[in-house]
Amino acid sequence: MTQARRISAVLTIGVSLFGLMSTLGASGASAVTAPTPVPTVAKGLRAPVAQPAALDAAATYQPQVSCSPVALPGTKKLRDLALRTYGVGRDGGTTRACSIGGLSEHKEGRSWDYMLNVKNPTEKKTAGQFIDFLTAGGGLQARRLGVMYVIYNKKIWSSYRTGWRDYRGAQDHTDHVHVSLSWAGARGLTSFWTGRVGAVDFGPCAAFTGQPAAVRSSARRTPCPTTAARVKSTSLPTTYVGASGTLVRTAQKAVGTPVTGRFDTRTWTALKKYQSANDVPKTGVLDAATWASLVPARVTYDAAKGMTAAGAAAYGRQHYGATRLAPASAGKAVLLLQVALGMPVRQRTGYYGARTKAAVAAVQSARGLRRTGTADRSLWTVLTPR
Ligand SMILES: [Zn+2]
């Protein structure tokens with residue numbers, strides 16, 4: 001192929017690709033150039049292990065769903081390796097208080113801010129090298145690291161769109177590069193760190209619509225089940241780690257942790273323990289389900305209000321007899337089951353945790369049913385008085 005013909009062929013491929021992208025809704029992306037000049041000598045990060053020939057799937061957009069003050073291992077490793085490799089700029093932080101601003105993966109330990117100011121030529125050059133390393137070749141290394149998006153100098157690159165776009169957020173990101181990672185990337189389970197193509201980690205799931213998701217310490221390989229409508233509301237406001245004051249004291253007293261008035265990591269750990277022990281989604285947040293459990297007097301809405309155990313069993317059998325309820329199920333059916341089982345008020349949360357499973361298994365054993373720990377019509381039937 002002659003030089004001219006080769007260029008022409010490349011152009012044709014480029015045009016047809018762009019045509020495809022336009023139909024996928026990524027139009028306009030090609031007009032925006034990178035936020036810093038692409039370095040003549042690229043300096044990238046060296047993977048700690050040999051890289052496989054295959055690439056991890058490009059990260060899809062996984063917005064913040066939970067709240068955690070802990071930076072995840074992949075986030076920390078990327079931070080440490082970049083600082084060590086370039087020796088320029090400094091760490092601008094990985095985590096952020098959940099009470100401040102809108103959605104941010106910082107709030108669940110999946111983002112890192114690399115302080116590199118565009119006004120400082122050395123720092124700007126380093127930003128160019130770091131960004132080019134991540135995004136070159138259509139984001140090859142971004143895929144290996146599970147990078148979801150990068151923001152710098154009023155521009156954003158993401159793994160789920162094509163090219164650079166103008167970024168109009170609250171911050172212009174002229175003093176730092178922001179990097180957000182997928183769950184797999186943040187957990188350090190992508191090929192850059194393991195040498196093996198990583199499977200998708202779907203991340204934590206919210207049990208109730210509009211509420212925080214439970215914090216998870218391991219990857220999840222299946223998408224979240226659909227969320228349930230809230231079964232209890234409270235007059236107490238959602239309160240996150242980092243807060244302080246009277247409400248925090250109230251929670252600390254109820255949880256049984258030292259009453260300091262500061263929602264610190266010690267209180268956060270104690271709260272999650274309480275949540276696990278009482279069938280409240282383990283969010284680490286003083287959310288609606290948690291407040292309803294801790295301070296029942298402040299409940300403003302209860303989907304099983306006024307029902308007796310017998311009434312809840314009869315209603316549940318009629319309406320939910322055909323529905324299998326199992327650990328992680330959530331909603332009104334679970335709340336009715338908890339009432340029918342005569343569980344303590346603080347454990348009547350509408351969330352099927354270890355306590356509900358144990359209570360179900362105990363009834364199954366006592367009444368000669370197969371001990372499955374999951375609720376079906378036969379369980380509702382033995383709970384319903386004749
Ligand atoms: Zn950031």
# chains A, B, ... in the order shown; residues from 1 in each chain; ligands from 1

$ residues_around --residues "range 60-72 of chain A" --least-positions-apart "3" --cutoff "7 Å" --atoms "only C-alpha atoms" --output "ChimeraX atom specification"
/A:75-76,94-96,98,103-105,107-110,148,159-160,182,186-187,212-215,283

$ write_last_selection --atoms "C-alpha atoms" --output "CSV table (one decimal), in the first residue's frame"
chain,number,residue,atom,x,y,z
A,75,THR,CA,-7.1,3.4,44.8
A,76,LYS,CA,-4.2,3.5,47.2
A,94,THR,CA,-8.8,9.7,48.2
A,95,THR,CA,-11.8,9.9,50.6
A,96,ARG,CA,-14.3,12.6,51.3
A,98,CYS,CA,-20.4,12.0,52.6
A,103,LEU,CA,-22.3,12.3,44.2
A,104,SER,CA,-18.6,11.5,44.3
A,105,GLU,CA,-16.7,8.2,44.2
A,107,LYS,CA,-17.2,9.1,49.3
A,108,GLU,CA,-16.6,5.4,48.9
A,109,GLY,CA,-12.9,5.3,48.5
A,110,ARG,CA,-12.8,5.0,44.7
A,148,MET,CA,-13.8,5.1,34.9
A,159,SER,CA,-14.1,4.9,29.6
A,160,TYR,CA,-17.7,4.8,28.6
A,182,SER,CA,-14.6,1.2,38.8
A,186,ALA,CA,-10.7,0.3,43.2
A,187,ARG,CA,-10.4,-3.1,44.8
A,212,PRO,CA,-27.4,4.3,50.8
A,213,ALA,CA,-26.1,0.9,49.7
A,214,ALA,CA,-24.6,-1.5,52.3
A,215,VAL,CA,-20.8,-1.4,52.4
A,283,THR,CA,-24.6,1.0,55.3

$ residues_around --residues "Val200 in chain A" --least-positions-apart "5" --cutoff "10 Å" --atoms "only C-alpha atoms" --output "CSV table (one decimal) with N, CA and C atoms, in the first residue's frame"
chain,number,residue,atom,x,y,z
A,56,ASP,N,-9.0,-6.0,30.2
A,56,ASP,CA,-10.2,-5.9,31.0
A,56,ASP,C,-11.2,-5.1,30.2
A,57,ALA,N,-12.5,-5.4,30.4
A,57,ALA,CA,-13.5,-4.6,29.7
A,57,ALA,C,-13.4,-3.2,30.2
A,58,ALA,N,-13.8,-2.2,29.3
A,58,ALA,CA,-13.8,-0.8,29.7
A,58,ALA,C,-14.8,-0.7,30.8
A,59,ALA,N,-14.5,0.1,31.8
A,59,ALA,CA,-15.4,0.3,32.9
A,59,ALA,C,-16.6,1.0,32.5
A,60,THR,N,-17.8,0.6,32.9
A,60,THR,CA,-19.0,1.3,32.7
A,60,THR,C,-19.1,2.3,33.8
A,146,GLY,N,-8.9,-0.1,35.5
A,146,GLY,CA,-10.3,0.1,35.9
A,146,GLY,C,-10.6,1.6,36.1
A,182,SER,N,-13.5,2.1,38.7
A,182,SER,CA,-14.6,1.2,38.8
A,182,SER,C,-14.4,0.4,40.1
A,183,TRP,N,-15.4,-0.4,40.5
A,183,TRP,CA,-15.3,-1.2,41.7
A,183,TRP,C,-14.1,-2.2,41.6
A,184,ALA,N,-14.0,-2.8,40.4
A,184,ALA,CA,-12.9,-3.8,40.2
A,184,ALA,C,-11.6,-3.1,40.3
A,185,GLY,N,-11.5,-1.9,39.7
A,185,GLY,CA,-10.2,-1.1,39.7
A,185,GLY,C,-9.9,-0.7,41.2
A,189,LEU,N,-8.5,-5.4,41.5
A,189,LEU,CA,-8.7,-6.7,40.9
A,189,LEU,C,-8.7,-6.7,39.4
A,190,THR,N,-8.0,-5.7,38.8
A,190,THR,CA,-7.9,-5.6,37.4
A,190,THR,C,-6.5,-6.1,37.0
A,219,ALA,N,-15.9,-8.3,46.1
A,219,ALA,CA,-16.5,-8.0,44.8
A,219,ALA,C,-17.9,-8.7,44.7
A,220,ARG,N,-18.7,-8.2,43.9
A,220,ARG,CA,-20.0,-8.9,43.6
A,220,ARG,C,-20.2,-9.1,42.1
A,221,ARG,N,-20.4,-10.4,41.7
A,221,ARG,CA,-20.4,-10.8,40.3
A,221,ARG,C,-21.8,-10.7,39.6
A,222,THR,N,-22.8,-10.4,40.4
A,222,THR,CA,-24.2,-10.3,39.7
A,222,THR,C,-24.7,-8.9,40.0
A,223,PRO,N,-25.5,-8.4,39.0
A,223,PRO,CA,-26.1,-7.1,39.2
A,223,PRO,C,-27.0,-7.0,40.4

$ closest_residue --among "A:Gln51, A:Ser99, A:Ser111, A:Thr290" --to "ligand 1" --atoms "only C-alpha atoms and all ligand atoms"
A:Ser111

$ closest_residue --among "A:Ser180, A:Ser217, A:Ser235, A:Thr174" --to "ligand 1" --atoms "only C-alpha atoms and all ligand atoms"
A:Ser180

$ residues_near_ligand --ligand "ligand 1" --cutoff "7 Å" --atoms "only C-alpha atoms and all ligand atoms" --output "NGL selection string"
:A and (106 or 111-113 or 178-179)

$ select_by_dssp --residues "range 156-255 of chain A" --states "strand (DSSP E)" --output "PyMOL selection string"
chain A and resi 156-158+164-166+176-181+232-234

$ select_by_dssp --residues "range 94-339 of chain A" --states "helix (DSSP H, G or I)" --output "ChimeraX atom specification"
/A:105-108,121-145,183-186,191-194,246-255,265-277,288-294,296-298,309-320,332-339

$ write_last_selection --atoms "C-alpha atoms" --output "compact mmCIF listing (two decimals), in the first residue's frame"
# COMPACT_ATOMS: atom_id res chain seq x y z
CA GLU A 105 -16.71 8.19 44.21
CA HIS A 106 -14.39 9.82 46.78
CA LYS A 107 -17.18 9.09 49.26
CA GLU A 108 -16.64 5.36 48.87
CA PRO A 121 5.04 23.93 34.09
CA THR A 122 6.65 20.88 35.73
CA GLU A 123 3.40 19.81 37.32
CA LYS A 124 1.46 20.41 34.13
CA LYS A 125 3.94 18.30 32.17
CA THR A 126 3.58 15.50 34.72
CA ALA A 127 -0.20 15.72 34.46
CA GLY A 128 0.18 15.34 30.70
CA GLN A 129 2.30 12.24 31.12
CA PHE A 130 0.00 10.66 33.68
CA ILE A 131 -3.14 11.40 31.67
CA ASP A 132 -1.55 10.27 28.41
CA PHE A 133 -0.47 7.02 30.04
CA LEU A 134 -4.06 6.36 31.16
CA THR A 135 -5.91 7.42 28.03
CA ALA A 136 -3.61 6.69 25.07
CA GLY A 137 -4.72 4.05 22.56
CA GLY A 138 -8.37 4.48 23.43
CA GLY A 139 -7.69 4.04 27.13
CA LEU A 140 -5.70 0.82 27.11
CA GLN A 141 -4.13 1.36 30.53
CA ALA A 142 -7.39 2.80 31.84
CA ARG A 143 -8.91 -0.59 31.12
CA ARG A 144 -6.06 -2.40 32.86
CA LEU A 145 -6.49 -0.17 35.92
CA TRP A 183 -15.29 -1.18 41.71
CA ALA A 184 -12.92 -3.78 40.21
CA GLY A 185 -10.24 -1.12 39.75
CA ALA A 186 -10.72 0.32 43.23
CA SER A 191 -5.07 -6.94 35.19
CA PHE A 192 -2.65 -4.09 35.97
CA TRP A 193 -2.36 -5.39 39.54
CA THR A 194 -3.16 -9.08 39.23
CA THR A 246 -26.73 15.58 69.69
CA LEU A 247 -28.02 13.15 67.06
CA VAL A 248 -24.70 11.34 67.03
CA ARG A 249 -24.84 11.06 70.83
CA THR A 250 -28.35 9.58 70.56
CA ALA A 251 -27.10 6.99 68.08
CA GLN A 252 -23.98 6.18 70.10
CA LYS A 253 -26.11 5.59 73.20
CA ALA A 254 -28.48 3.30 71.28
CA VAL A 255 -25.67 1.39 69.57
CA THR A 265 -14.54 5.57 62.48
CA ARG A 266 -14.94 3.80 65.83
CA THR A 267 -18.64 4.75 65.90
CA TRP A 268 -18.87 3.81 62.20
CA THR A 269 -17.53 0.32 62.96
CA ALA A 270 -19.88 -0.07 65.96
CA LEU A 271 -22.83 1.07 63.86
CA LYS A 272 -22.13 -1.48 61.12
CA LYS A 273 -21.89 -4.17 63.79
CA TYR A 274 -25.26 -3.09 65.19
CA GLN A 275 -26.75 -3.08 61.68
CA SER A 276 -25.49 -6.62 60.96
CA ALA A 277 -26.82 -7.88 64.28
CA ALA A 288 -34.03 5.76 57.61
CA ALA A 289 -33.87 2.02 58.37
CA THR A 290 -31.21 2.52 61.03
CA TRP A 291 -32.97 5.36 62.81
CA ALA A 292 -36.23 3.41 62.74
CA SER A 293 -34.42 0.56 64.46
CA LEU A 294 -32.47 2.69 66.95
CA PRO A 296 -38.64 3.55 67.15
CA ALA A 297 -40.40 6.49 68.84
CA ARG A 298 -39.37 8.72 65.90
CA ALA A 309 -48.28 -11.22 64.51
CA ALA A 310 -51.38 -13.20 63.49
CA GLY A 311 -52.65 -10.40 61.28
CA ALA A 312 -49.28 -10.00 59.58
CA ALA A 313 -49.06 -13.75 58.96
CA ALA A 314 -52.54 -13.91 57.42
CA TYR A 315 -51.91 -10.86 55.26
CA GLY A 316 -48.46 -12.09 54.26
CA ARG A 317 -49.72 -15.54 53.31
CA GLN A 318 -52.45 -14.06 51.14
CA HIS A 319 -50.30 -11.46 49.36
CA TYR A 320 -46.78 -12.88 49.43
CA LYS A 332 -43.07 -4.89 52.92
CA ALA A 333 -43.26 -8.69 52.63
CA VAL A 334 -40.13 -9.01 54.76
CA LEU A 335 -41.45 -6.53 57.32
CA LEU A 336 -44.71 -8.52 57.62
CA LEU A 337 -42.70 -11.71 58.01
CA GLN A 338 -40.66 -10.14 60.82
CA VAL A 339 -43.87 -9.05 62.58

$ closest_residue --among "A:Arg348, A:His176, A:Arg324, A:Lys357" --to "Asp376 in chain A" --atoms "only C-alpha atoms"
A:Arg324

$ residues_around --residues "Leu369 in chain A" --least-positions-apart "3" --cutoff "8 Å" --atoms "only C-alpha atoms" --output "list in words"
Gln364, Ser365, Ala366, Ser378 and Leu379 of chain A

$ write_last_selection --atoms "N, CA and C atoms" --output "mmCIF file, in the first residue's frame"
data_model
loop_
_atom_site.group_PDB
_atom_site.id
_atom_site.type_symbol
_atom_site.label_atom_id
_atom_site.label_comp_id
_atom_site.auth_asym_id
_atom_site.auth_seq_id
_atom_site.Cartn_x
_atom_site.Cartn_y
_atom_site.Cartn_z
ATOM 1 N N GLN A 364 -39.134 -23.361 61.135
ATOM 2 C CA GLN A 364 -39.153 -24.534 60.241
ATOM 3 C C GLN A 364 -38.800 -25.808 61.009
ATOM 4 N N SER A 365 -37.766 -25.730 61.847
ATOM 5 C CA SER A 365 -37.376 -26.895 62.650
ATOM 6 C C SER A 365 -38.488 -27.286 63.602
ATOM 7 N N ALA A 366 -39.033 -26.300 64.295
ATOM 8 C CA ALA A 366 -40.046 -26.568 65.318
ATOM 9 C C ALA A 366 -41.336 -27.126 64.721
ATOM 10 N N SER A 378 -45.353 -22.423 52.751
ATOM 11 C CA SER A 378 -45.501 -23.362 53.874
ATOM 12 C C SER A 378 -45.146 -22.676 55.210
ATOM 13 N N LEU A 379 -44.195 -21.761 55.171
ATOM 14 C CA LEU A 379 -43.838 -21.035 56.394
ATOM 15 C C LEU A 379 -44.965 -20.094 56.821
#

$ closest_residue --among "A:Asp80, A:Asp302, A:Asp175, A:Asp279" --to "Leu45 in chain A" --atoms "only C-alpha atoms"
A:Asp80

$ residues_around --residues "Trp157 in chain A" --least-positions-apart "5" --cutoff "9 Å" --atoms "only C-alpha atoms" --output "mmCIF file with C-alpha atoms, in the first residue's frame"
data_model
loop_
_atom_site.group_PDB
_atom_site.id
_atom_site.type_symbol
_atom_site.label_atom_id
_atom_site.label_comp_id
_atom_site.auth_asym_id
_atom_site.auth_seq_id
_atom_site.Cartn_x
_atom_site.Cartn_y
_atom_site.Cartn_z
ATOM 1 C CA ALA A 34 -6.625 16.657 25.597
ATOM 2 C CA THR A 135 -5.914 7.425 28.029
ATOM 3 C CA MET A 148 -13.776 5.117 34.911
ATOM 4 C CA TYR A 149 -12.976 8.756 34.248
ATOM 5 C CA VAL A 150 -10.275 11.407 34.529
ATOM 6 C CA ILE A 151 -10.902 15.138 34.988
ATOM 7 C CA TYR A 152 -8.273 17.849 34.516
ATOM 8 C CA THR A 162 -15.229 8.538 23.291
ATOM 9 C CA GLY A 163 -12.490 11.116 23.618
ATOM 10 C CA TRP A 164 -12.274 14.268 25.703
ATOM 11 C CA ARG A 165 -15.243 16.455 26.550
ATOM 12 C CA ASP A 166 -15.518 19.840 28.196
#

$ residues_around --residues "range 242-244 of chain A" --least-positions-apart "2" --cutoff "7 Å" --atoms "only C-alpha atoms" --output "tab-separated table (two decimals) with C-alpha atoms, in the first residue's frame"
chain	number	residue	atom	x	y	z
A	97	ALA	CA	-17.10	13.26	53.91
A	239	THR	CA	-26.41	11.38	59.16
A	240	TYR	CA	-22.99	10.31	57.92
A	248	VAL	CA	-24.70	11.34	67.03
A	261	GLY	CA	-20.86	13.19	70.02
A	262	ARG	CA	-18.43	12.58	67.15
A	263	PHE	CA	-19.34	10.13	64.37
A	264	ASP	CA	-15.80	8.83	63.99

$ closest_residue --among "A:Ala170, A:Ala50, A:Val177, A:Met307" --to "Gly101 in chain A" --atoms "only C-alpha atoms"
A:Ala170

$ residues_around --residues "Asn278 in chain A" --least-positions-apart "5" --cutoff "7 Å" --atoms "only C-alpha atoms" --output "ChimeraX atom specification"
/A:346-347,355
